[in-house]
Structure formats: structure tokens, C-alpha cells
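**Q** Just dropping this structure here.
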Amino acid sequence: MLTGAFLAGCGESDTSASEGSSSWLGKSLEFDITAKPHFRRDLLGNLKQSDLVVLSKNDEQVKITDVIVNRGNCKVYWIGAEFDRYTPNEERMKAFFEKHPEYDFIKEGKKLPTKGGEPVKIREDWSRNNKFSLDSNLSKDMEYYNNLAPEAQALYDKEHKDTREVLGFGEEYAYPIGCPYDNVLEVTIKTDKGEVSYKMGR
């Protein structure tokens, strides 16, 4: 069951955009927005009861960088993020512990040296290929990584990640939201091509 469609408000991606559109290079930034009930539980067991479905009507691909519902008063989940991921390199890990057996504690598990000289337990089980990645957008991960000595940091491979949605013409994505679907009054979609706001037509 879908609610009514949203009506375009004012575009904000450049100063020449007229009311009801958001323009870049002569093209219109346009989406169809609907809200609907959807029952699911997240990893923490919290119940989310609604989805905001974003359908792209743009000729070019657009990357969704943020979705703001009710001016931020309704939480939007799964927006995605741009960050660096640090993944343990299994071969370098093995070579390190062969060279430094003092960090290989049989009872306590393998440890890595820190900048302060104290060893800390490694945050993954490299021997079983169950790799524990560290993400730069997570403060606890970066506190751990930044505390490691340079030779320990060198045991991780760095990879740039971007988990934000990219939508082509006619493609859609459903964002879980933390408020009832019929409470959605206003939506702002921010993209790499600008942003546009919509208000619910009631």
C-alpha cells in the first residue's frame, strides 16, 4: 500500500533553477517519492515500520549522498557512507608472527605492538580467514588502528569504499525510516548533482 506521491518543492542545486525543479547543465533533477509501511527488524532488534522509496527519473546516474525526512525529525537508515576500510593482509600477518614470536601468545591469542609499546589483542582471526575490517568512519575502529605501531598498521590493506546508492533512470531504492509512513511531510534528496526538496501532496 503506497501513500500519495510527493509534489516537488524548490530545487537548490544552482541559482538558475526555477521553482519545482533543480537543474544542472540544463537537466532536471527529479525523483518520485513514496512512503509505505514495511515491517522489519534491524540488527539491534529495533522495529522499523516504514520505507521511503526513491525512484530516479534522471537521465544521468545520480549518487544519493543524504536523505532528510521532516527536516531531520524522522530518522533515515541505510544512507551509506564514503570511508576507508583497513583489512588485515593474511600473508603479511603470518610473516610478522613468524618474525616476532614474542607477540604470539598461545593462551591469550596473537597480539600487535602499539605506539606506546604495549601489545594489544589483534581484532580478527586471520588464521581462519575470518578477517576483521576496520572502517575510518567508526571511531572505535580508528582509535584501535591509530594506537598501533607503524609496523602493525602496515599489516593492513587500505581500500576506499563508498556504500551510497547510485541510481540510474527508472531505478529505485527503499530507505527504512524511523517514523510512521503517513507522518512523512517533507523530503530532501541530496545527490552529487545537487539537491531537491519535496512536500507531500495531501
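Ordering of the C-alpha cells sets the chain letters (A, B, ...), residue numbers begin anew at 1 in every chain, and ligands are numbered from 1 in the order given.
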Please provide as a list in words all residues within 12 Å of Asp141 in chain A, with the sequence filter that same-chain residues fewer than 2 positions apart are discarded (counting only C-alpha atoms).
**A**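 Contacts, with the query itself left out: Asp84, Arg85, Tyr86, Thr87, Ile122, Arg123, Phe132, Ser133, Leu134, Asp135, Ser136, Asn137, Leu138, Ser139, Glu143, Tyr144, Tyr145, Asn146, Asn147 and Leu148 of chain A.
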**Q** If you run DSSP on the backbone here, which positions in range 83-141 of chain A get alpha helix (DSSP H)? Please write them as a PDB file with N, CA and C atoms, in the first residue's frame.
**A**
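In the end it all went to selection_14.pdb:
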```
ATOM      1  N   GLU A  90      46.612 -11.338   5.145  1.00  0.00           N
ATOM      2  CA  GLU A  90      46.930 -12.614   5.788  1.00  0.00           C
ATOM      3  C   GLU A  90      48.397 -12.995   5.634  1.00  0.00           C
ATOM      4  N   GLU A  91      48.978 -12.787   4.459  1.00  0.00           N
ATOM      5  CA  GLU A  91      50.378 -13.170   4.238  1.00  0.00           C
ATOM      6  C   GLU A  91      51.311 -12.335   5.099  1.00  0.00           C
ATOM      7  N   ARG A  92      51.068 -11.043   5.171  1.00  0.00           N
ATOM      8  CA  ARG A  92      51.930 -10.180   5.992  1.00  0.00           C
ATOM      9  C   ARG A  92      51.746 -10.479   7.476  1.00  0.00           C
ATOM     10  N   MET A  93      50.522 -10.841   7.870  1.00  0.00           N
ATOM     11  CA  MET A  93      50.281 -11.218   9.263  1.00  0.00           C
ATOM     12  C   MET A  93      51.102 -12.461   9.623  1.00  0.00           C
ATOM     13  N   LYS A  94      51.071 -13.476   8.774  1.00  0.00           N
ATOM     14  CA  LYS A  94      51.817 -14.712   9.042  1.00  0.00           C
ATOM     15  C   LYS A  94      53.311 -14.432   9.141  1.00  0.00           C
ATOM     16  N   ALA A  95      53.802 -13.606   8.200  1.00  0.00           N
ATOM     17  CA  ALA A  95      55.235 -13.292   8.199  1.00  0.00           C
ATOM     18  C   ALA A  95      55.620 -12.524   9.460  1.00  0.00           C
ATOM     19  N   PHE A  96      54.749 -11.641   9.913  1.00  0.00           N
ATOM     20  CA  PHE A  96      55.040 -10.864  11.113  1.00  0.00           C
ATOM     21  C   PHE A  96      55.176 -11.761  12.328  1.00  0.00           C
ATOM     22  N   PHE A  97      54.235 -12.687  12.515  1.00  0.00           N
ATOM     23  CA  PHE A  97      54.270 -13.537  13.702  1.00  0.00           C
ATOM     24  C   PHE A  97      55.381 -14.575  13.633  1.00  0.00           C
ATOM     25  N   GLU A  98      55.811 -14.942  12.427  1.00  0.00           N
ATOM     26  CA  GLU A  98      56.979 -15.817  12.310  1.00  0.00           C
ATOM     27  C   GLU A  98      58.245 -15.077  12.714  1.00  0.00           C
ATOM     28  N   LYS A  99      58.294 -13.791  12.383  1.00  0.00           N
ATOM     29  CA  LYS A  99      59.461 -12.973  12.706  1.00  0.00           C
ATOM     30  C   LYS A  99      59.446 -12.505  14.155  1.00  0.00           C
ATOM     31  N   SER A 139      34.611   5.427  15.023  1.00  0.00           N
ATOM     32  CA  SER A 139      35.606   5.973  15.942  1.00  0.00           C
ATOM     33  C   SER A 139      36.361   4.878  16.705  1.00  0.00           C
ATOM     34  N   LYS A 140      35.667   3.818  17.121  1.00  0.00           N
ATOM     35  CA  LYS A 140      36.350   2.749  17.862  1.00  0.00           C
ATOM     36  C   LYS A 140      37.379   2.040  16.993  1.00  0.00           C
ATOM     37  N   ASP A 141      37.039   1.826  15.727  1.00  0.00           N
ATOM     38  CA  ASP A 141      37.992   1.192  14.810  1.00  0.00           C
ATOM     39  C   ASP A 141      39.240   2.053  14.645  1.00  0.00           C
TER      40      ASP A 141
END
```
**Q** I want to know what sits within 10 Å of Gly109 in chain A, based on only C-alpha atoms, with residues of the same chain fewer than 5 positions away left out; could you give that as a ChimeraX atom specification?
**A** /A:103-104,120-122,125
**Q** With only C-alpha atoms as the basis for distance, which of A:Pro113, A:Pro180, A:Pro119, A:Gly168 is at the shortest distance from Pro150 in chain A?
**A**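 Of the candidates, the smallest distance to Pro150 in chain A is held by A:Pro113.
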**Q** Between CA of Gly178 in chain A and CA of Tyr77 in chain A, what is the spacing in Å?
**A**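 Here the two named atoms are 7.8 Å from each other.
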**Q** Quick one: residues within 10 Å of Asp66 in chain A, only C-alpha atoms, excluding same-chain residues fewer than 5 positions away - as a PDB file with all heavy atoms, in the first residue's frame?
**A**
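Output saved as out-v9.pdb:
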```pdb
ATOM      1  N   VAL A  76      16.438   8.485   9.031  1.00  0.00           N
ATOM      2  CA  VAL A  76      16.556   7.712   7.797  1.00  0.00           C
ATOM      3  C   VAL A  76      17.743   6.760   7.952  1.00  0.00           C
ATOM      4  O   VAL A  76      18.844   7.181   8.327  1.00  0.00           O
ATOM      5  CB  VAL A  76      16.763   8.620   6.572  1.00  0.00           C
ATOM      6  CG1 VAL A  76      16.834   7.784   5.295  1.00  0.00           C
ATOM      7  CG2 VAL A  76      15.637   9.640   6.474  1.00  0.00           C
ATOM      8  N   TRP A  78      20.330   3.453   6.526  1.00  0.00           N
ATOM      9  CA  TRP A  78      20.994   2.872   5.346  1.00  0.00           C
ATOM     10  C   TRP A  78      21.309   3.909   4.288  1.00  0.00           C
ATOM     11  O   TRP A  78      21.227   3.634   3.086  1.00  0.00           O
ATOM     12  CB  TRP A  78      20.153   1.745   4.731  1.00  0.00           C
ATOM     13  CG  TRP A  78      19.837   0.628   5.662  1.00  0.00           C
ATOM     14  CD1 TRP A  78      20.285   0.452   6.949  1.00  0.00           C
ATOM     15  CD2 TRP A  78      18.982  -0.482   5.404  1.00  0.00           C
ATOM     16  NE1 TRP A  78      19.757  -0.680   7.494  1.00  0.00           N
ATOM     17  CE2 TRP A  78      18.955  -1.284   6.576  1.00  0.00           C
ATOM     18  CE3 TRP A  78      18.233  -0.875   4.310  1.00  0.00           C
ATOM     19  CZ2 TRP A  78      18.214  -2.455   6.674  1.00  0.00           C
ATOM     20  CZ3 TRP A  78      17.494  -2.039   4.391  1.00  0.00           C
ATOM     21  CH2 TRP A  78      17.488  -2.816   5.552  1.00  0.00           C
ATOM     22  N   ILE A  79      21.689   5.119   4.715  1.00  0.00           N
ATOM     23  CA  ILE A  79      22.076   6.144   3.749  1.00  0.00           C
ATOM     24  C   ILE A  79      23.364   5.739   3.030  1.00  0.00           C
ATOM     25  O   ILE A  79      23.569   6.052   1.869  1.00  0.00           O
ATOM     26  CB  ILE A  79      22.273   7.503   4.458  1.00  0.00           C
ATOM     27  CG1 ILE A  79      20.949   8.004   5.026  1.00  0.00           C
ATOM     28  CG2 ILE A  79      22.845   8.541   3.494  1.00  0.00           C
ATOM     29  CD1 ILE A  79      19.907   8.294   3.976  1.00  0.00           C
ATOM     30  N   GLY A  80      24.222   5.033   3.716  1.00  0.00           N
ATOM     31  CA  GLY A  80      25.522   4.700   3.151  1.00  0.00           C
ATOM     32  C   GLY A  80      26.540   5.768   3.490  1.00  0.00           C
ATOM     33  O   GLY A  80      26.203   6.849   3.987  1.00  0.00           O
ATOM     34  N   ALA A  81      27.804   5.498   3.215  1.00  0.00           N
ATOM     35  CA  ALA A  81      28.869   6.431   3.570  1.00  0.00           C
ATOM     36  C   ALA A  81      30.082   6.204   2.678  1.00  0.00           C
ATOM     37  O   ALA A  81      30.231   5.165   2.035  1.00  0.00           O
ATOM     38  CB  ALA A  81      29.257   6.255   5.042  1.00  0.00           C
ATOM     39  N   ARG A 164      27.152   4.471  -0.692  1.00  0.00           N
ATOM     40  CA  ARG A 164      25.965   5.250  -1.015  1.00  0.00           C
ATOM     41  C   ARG A 164      25.353   4.747  -2.319  1.00  0.00           C
ATOM     42  O   ARG A 164      26.057   4.274  -3.212  1.00  0.00           O
ATOM     43  CB  ARG A 164      26.320   6.734  -1.113  1.00  0.00           C
ATOM     44  CG  ARG A 164      26.831   7.309   0.206  1.00  0.00           C
ATOM     45  CD  ARG A 164      27.363   8.704   0.068  1.00  0.00           C
ATOM     46  NE  ARG A 164      28.549   8.750  -0.774  1.00  0.00           N
ATOM     47  CZ  ARG A 164      29.279   9.853  -0.971  1.00  0.00           C
ATOM     48  NH1 ARG A 164      28.938  10.979  -0.375  1.00  0.00           N
ATOM     49  NH2 ARG A 164      30.340   9.819  -1.740  1.00  0.00           N
ATOM     50  N   GLU A 165      24.034   4.849  -2.433  1.00  0.00           N
ATOM     51  CA  GLU A 165      23.325   4.316  -3.585  1.00  0.00           C
ATOM     52  C   GLU A 165      23.520   5.195  -4.821  1.00  0.00           C
ATOM     53  O   GLU A 165      23.489   6.424  -4.745  1.00  0.00           O
ATOM     54  CB  GLU A 165      21.823   4.198  -3.290  1.00  0.00           C
ATOM     55  CG  GLU A 165      21.470   3.087  -2.339  1.00  0.00           C
ATOM     56  CD  GLU A 165      21.882   1.722  -2.867  1.00  0.00           C
ATOM     57  OE1 GLU A 165      21.601   1.433  -4.049  1.00  0.00           O
ATOM     58  OE2 GLU A 165      22.477   0.960  -2.090  1.00  0.00           O
ATOM     59  N   THR A 188      13.994  15.872   1.584  1.00  0.00           N
ATOM     60  CA  THR A 188      15.057  16.494   0.795  1.00  0.00           C
ATOM     61  C   THR A 188      16.028  15.413   0.354  1.00  0.00           C
ATOM     62  O   THR A 188      16.512  14.634   1.180  1.00  0.00           O
ATOM     63  CB  THR A 188      15.805  17.571   1.599  1.00  0.00           C
ATOM     64  OG1 THR A 188      14.897  18.630   1.922  1.00  0.00           O
ATOM     65  CG2 THR A 188      16.961  18.146   0.799  1.00  0.00           C
ATOM     66  N   ILE A 189      16.279  15.338  -0.944  1.00  0.00           N
ATOM     67  CA  ILE A 189      17.219  14.375  -1.510  1.00  0.00           C
ATOM     68  C   ILE A 189      18.477  15.131  -1.909  1.00  0.00           C
ATOM     69  O   ILE A 189      18.430  16.037  -2.745  1.00  0.00           O
ATOM     70  CB  ILE A 189      16.634  13.662  -2.752  1.00  0.00           C
ATOM     71  CG1 ILE A 189      15.272  13.058  -2.446  1.00  0.00           C
ATOM     72  CG2 ILE A 189      17.615  12.607  -3.262  1.00  0.00           C
ATOM     73  CD1 ILE A 189      15.305  11.907  -1.487  1.00  0.00           C
ATOM     74  N   LYS A 190      19.613  14.773  -1.311  1.00  0.00           N
ATOM     75  CA  LYS A 190      20.892  15.366  -1.683  1.00  0.00           C
ATOM     76  C   LYS A 190      21.670  14.364  -2.536  1.00  0.00           C
ATOM     77  O   LYS A 190      21.733  13.182  -2.200  1.00  0.00           O
ATOM     78  CB  LYS A 190      21.699  15.736  -0.437  1.00  0.00           C
ATOM     79  CG  LYS A 190      21.060  16.837   0.395  1.00  0.00           C
ATOM     80  CD  LYS A 190      21.968  17.280   1.529  1.00  0.00           C
ATOM     81  CE  LYS A 190      21.340  18.438   2.307  1.00  0.00           C
ATOM     82  NZ  LYS A 190      22.246  18.951   3.380  1.00  0.00           N
ATOM     83  N   THR A 191      22.243  14.844  -3.630  1.00  0.00           N
ATOM     84  CA  THR A 191      22.983  13.976  -4.548  1.00  0.00           C
ATOM     85  C   THR A 191      24.278  14.660  -4.963  1.00  0.00           C
ATOM     86  O   THR A 191      24.533  15.821  -4.633  1.00  0.00           O
ATOM     87  CB  THR A 191      22.155  13.666  -5.808  1.00  0.00           C
ATOM     88  OG1 THR A 191      22.232  14.784  -6.708  1.00  0.00           O
ATOM     89  CG2 THR A 191      20.698  13.386  -5.475  1.00  0.00           C
ATOM     90  N   ASP A 192      25.084  13.926  -5.724  1.00  0.00           N
ATOM     91  CA  ASP A 192      26.309  14.518  -6.257  1.00  0.00           C
ATOM     92  C   ASP A 192      26.023  15.481  -7.401  1.00  0.00           C
ATOM     93  O   ASP A 192      26.940  16.117  -7.922  1.00  0.00           O
ATOM     94  CB  ASP A 192      27.270  13.416  -6.722  1.00  0.00           C
ATOM     95  CG  ASP A 192      26.677  12.529  -7.806  1.00  0.00           C
ATOM     96  OD1 ASP A 192      25.437  12.511  -7.970  1.00  0.00           O
ATOM     97  OD2 ASP A 192      27.450  11.844  -8.493  1.00  0.00           O
ATOM     98  N   GLU A 195      20.645  19.084  -5.054  1.00  0.00           N
ATOM     99  CA  GLU A 195      19.611  18.596  -4.151  1.00  0.00           C
ATOM    100  C   GLU A 195      18.258  19.158  -4.541  1.00  0.00           C
ATOM    101  O   GLU A 195      18.163  20.170  -5.239  1.00  0.00           O
ATOM    102  CB  GLU A 195      19.930  18.948  -2.696  1.00  0.00           C
ATOM    103  CG  GLU A 195      19.863  20.424  -2.370  1.00  0.00           C
ATOM    104  CD  GLU A 195      20.166  20.696  -0.898  1.00  0.00           C
ATOM    105  OE1 GLU A 195      21.345  20.556  -0.500  1.00  0.00           O
ATOM    106  OE2 GLU A 195      19.225  21.053  -0.166  1.00  0.00           O
TER     107      GLU A 195
END
```
**Q** Tell me which protein, DNA and RNA residues are within 8 Å of Arg71 in chain A, counting only C-alpha atoms, leaving out same-chain ones fewer than 2 positions away, and put them as a PDB file with N, CA and C atoms, in the first residue's frame.
**A**
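Result went into selection-v4.pdb, see below:
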```
ATOM      1  N   ILE A  68      16.871  13.504   3.845  1.00  0.00           N
ATOM      2  CA  ILE A  68      16.400  14.161   5.060  1.00  0.00           C
ATOM      3  C   ILE A  68      14.875  14.165   5.049  1.00  0.00           C
ATOM      4  N   VAL A  69      14.275  13.567   6.070  1.00  0.00           N
ATOM      5  CA  VAL A  69      12.821  13.475   6.167  1.00  0.00           C
ATOM      6  C   VAL A  69      12.338  14.339   7.324  1.00  0.00           C
ATOM      7  N   ASN A  73      13.710  15.352  11.584  1.00  0.00           N
ATOM      8  CA  ASN A  73      12.962  14.844  12.738  1.00  0.00           C
ATOM      9  C   ASN A  73      12.504  13.406  12.568  1.00  0.00           C
ATOM     10  N   CYS A  74      12.701  12.836  11.393  1.00  0.00           N
ATOM     11  CA  CYS A  74      12.410  11.420  11.145  1.00  0.00           C
ATOM     12  C   CYS A  74      13.695  10.756  10.683  1.00  0.00           C
ATOM     13  N   GLU A 186       7.790  16.049   4.485  1.00  0.00           N
ATOM     14  CA  GLU A 186       8.766  16.735   3.637  1.00  0.00           C
ATOM     15  C   GLU A 186      10.016  15.872   3.490  1.00  0.00           C
ATOM     16  N   VAL A 187      10.554  15.829   2.280  1.00  0.00           N
ATOM     17  CA  VAL A 187      11.746  15.032   2.000  1.00  0.00           C
ATOM     18  C   VAL A 187      12.723  15.876   1.183  1.00  0.00           C
ATOM     19  N   THR A 188      13.994  15.872   1.584  1.00  0.00           N
ATOM     20  CA  THR A 188      15.057  16.494   0.795  1.00  0.00           C
ATOM     21  C   THR A 188      16.028  15.413   0.354  1.00  0.00           C
TER      22      THR A 188
END
```
**Q** Grab the CA of Leu155 in chain A to CA of His100 in chain A distance for me, in Å with one decimal place.
**A**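 So the two atoms, CA of Leu155 in chain A and CA of His100 in chain A, lie 13.2 Å apart.
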**Q** Go ahead and compute the interatomic distance for CA of Leu52 in chain A and CA of Tyr173 in chain A, in Å to one decimal.
**A** 8.3 Å
